[in-house]
Amino acid sequence: MDMLNDHDGICVTDAGDRGYNHIAISPSSGEMGTEASGLSVATSSRRRPQATPSPDAACRRPAAEEVNEKLSMERIMGLAVFGEKVAARTYALMADLRPEDAPLLRKFAQMEGRHGTWFAKASAANGFRPDRAFADKELGYLIAQVDDHHRAGDFDALAVLQGFIVECLAISTYEPFVDIARKWIGLEEVFARVLEEERYHVDWVTRYLRLRFFDRDAEFLALVERVNAQGVDCVGGTLMNITDYLNCVGLSGADCAGGMTDEYLKLLQRVGVDERRATKNVVSLFVPITRKYRQGLQTK
Amino acid sequence: MSAQLAVALEAVSPADALDADELLLWTTMRTFEVQASAQYIAHAPRLAPPKAGVSAALLRIAGDDRPLEESVLAPTMKALVGSAGEARDEDVILVVQGLVLERVRQVVYATLTGLPRVPERSKAIARSLEPVSAEIMALVPPLFAAACDANGQKPFSFFVEASDDVLHKLDAVGEGVDEAFGPCFGLRFADIVGDFVADLVPVCVGLGMERRKVMAHLAGALMGI
């Protein structure tokens with residue numbers, strides 16, 4: 001099976017006025033299709049993803065003995081498939097706010113949608129059913145933040161949240177996955193290709209923010225600290241919630257957390273934020289969620 | 001003892017000038033400082049001089065163990081001090097105290113001086129102790145680099161090996177710190193860790209360690225894994 005066949009990809013022509021659920025995935029084939037939701041931006045901003053009814057599985061962190069490779073991969077791939085859908089929607093919403101860059105941002109949205117398709121197909125090829133209930137629980141808080149920033153017309157906040165924080169989570173987990181994914185059909189190729197494309201998105205966002213905040217470091221820092229308060233809590237919290245699964249499939253959750261922090265700090269520094277101040281801000285926000293992890297709690 | 005510390009301590013004599021929250025704070029820091037000083041004198045004499053007089057001074061203002069023993073901090077502080085105290089080798093002490101715990105103390109003192117709800121007398125003590133920790137921290141990087149060279153050890157692996165347990169124990173103190181000093185002083189462990197990591201990481205990078213690996217090690221300690 002060609003996991004990277006673009007013809008199976010979704011077409012996000014104007015996802016800015018569509019909700020999170022407009023892209024459907026067949027768990028058996030792993031193929032995505034589209035549903036006509038017809039939601040307006042205003043409606044979708046108040047909408048939460050529809051969780052499959054399995055609250056028990058979605059609400060607690062499983063004990064160590066309950067974590068196995070299949071469960072781990074289904075939750076990780078659930079987050080990858082549906083997280084890419086959210087990313088597609090976010091870039092489409094960003095396109096809606098910035099007409100001069102809309103064609104490129106819509107292209108990013110299409111790329112993210114294709115990533116979801118590739119992950120879904122690769123999951124199906126390996127007999128994994130991406131855990132939608134788990135993904136919904138993780139992504140709901142992120143979608144709410146995206147909608148808040150979009151409603152406020154705050155393109156820069158969306159750029160930091162999606163282009164830096166969310167992409168850093170993706171990069172810090174996809175990158176080590178490339179090395180261990182060869183034991184599964186097609187996953188190594190998919191992770192490597194997706195990683196390359198995510199880096200392309202990050203490069204564009206970095207260039208945009210550098211130009212936008214040239215010689216205005218204090219303003220950029222204020223933006224970052226404002227977005228971080230919820231963004232790091234949310235995305236870092238998701239990383240804590242998948243740590244046991246990452247560990248189970250042969251990765252290190254701690255390495256991924258360190259990698260995500262390092263990657264994010266590098267991006268902030270490239271745009272002009274002082275390393276010490278950025279580190280203090282990001283690490284301080286991580287401490288409460290790492291404490292929850294240590295206590296065996298879900299962070300969301 | 002520095003003149004600054006002597007003046008600061010004059011302001012809190014007699015001991016009953018400290019309120020209950022301050023007594024717990026300084027009993028905790030005294031336990032921390034006395035252990036470090038004793039360890040320096042016994043096993044790492046090159047780090048001992050800046051601490052001269054600190055233990056005696058803190059014992060004078062907070063010499064009774066009871067405030068700490070009766071507090072939520074007792075078990076985790078005991079574990080932290082116990083873990084630090086296990087180091088007998090100067091090279092390990094350079095990591096455990098010099099890179100890690102001395103920096104934690106320095107950050108705590110710096111943080112206390114900036115918190116509006118901390119009484120002025122305690123701020124004065126903290127202000128006088130901060131440069132002592134800073135002086136020791138400045139001694140450590142060249143000594144650590146020399147120790148790695150002499151032992152043929154890679155800085156990062158040596159740092160990880162020597163600091164792992166004490167970082168776990170340090171993180172365990174966090175909830176107690178928030179409970180004991182959050183409501184009265186507005187002290188937050190998350191802020192202490194944020195400053196600690198922000199200060200430590202560039203030092204480690206300067207010693208030849210990769211930032212990403214250091215961040216992963218610290219993340220693992222914070223996550224308890």
# chains A, B, ... in the order shown; residues from 1 in each chain; ligands from 1

$ interface_residues --of "chain B" --to "chain A" --cutoff "6 Å" --atoms "only C-alpha atoms" --output "PyMOL selection string"
chain B and resi 190-191+194-195+198+212+215-216+219-220+223-224

$ select_by_dssp --residues "range 83-132 of chain B" --states "helix (DSSP H, G or I)" --output "VMD selection string"
chain B and resid 83 to 85 90 to 113 120 to 132

$ residues_around --residues "Leu268 in chain A" --least-positions-apart "2" --cutoff "10 Å" --atoms "only C-alpha atoms" --output "number ranges by chain"
A: 160, 164, 206, 209-210, 220-221, 224, 262-266, 270-275, 278-279

$ closest_residue --among "B:Asp91, B:Glu33, B:Asp19, B:Asp64" --to "Pro141 in chain B" --atoms "only C-alpha atoms"
B:Asp91

$ select_by_dssp --residues "range 23-223 of chain A" --states "strand (DSSP E)" --output "ChimeraX atom specification"
/A:23-25,32-34

$ residues_around --residues "Leu251 in chain A" --least-positions-apart "6" --cutoff "8 Å" --atoms "only C-alpha atoms" --output "PyMOL selection string"
chain A and resi 176-177+180
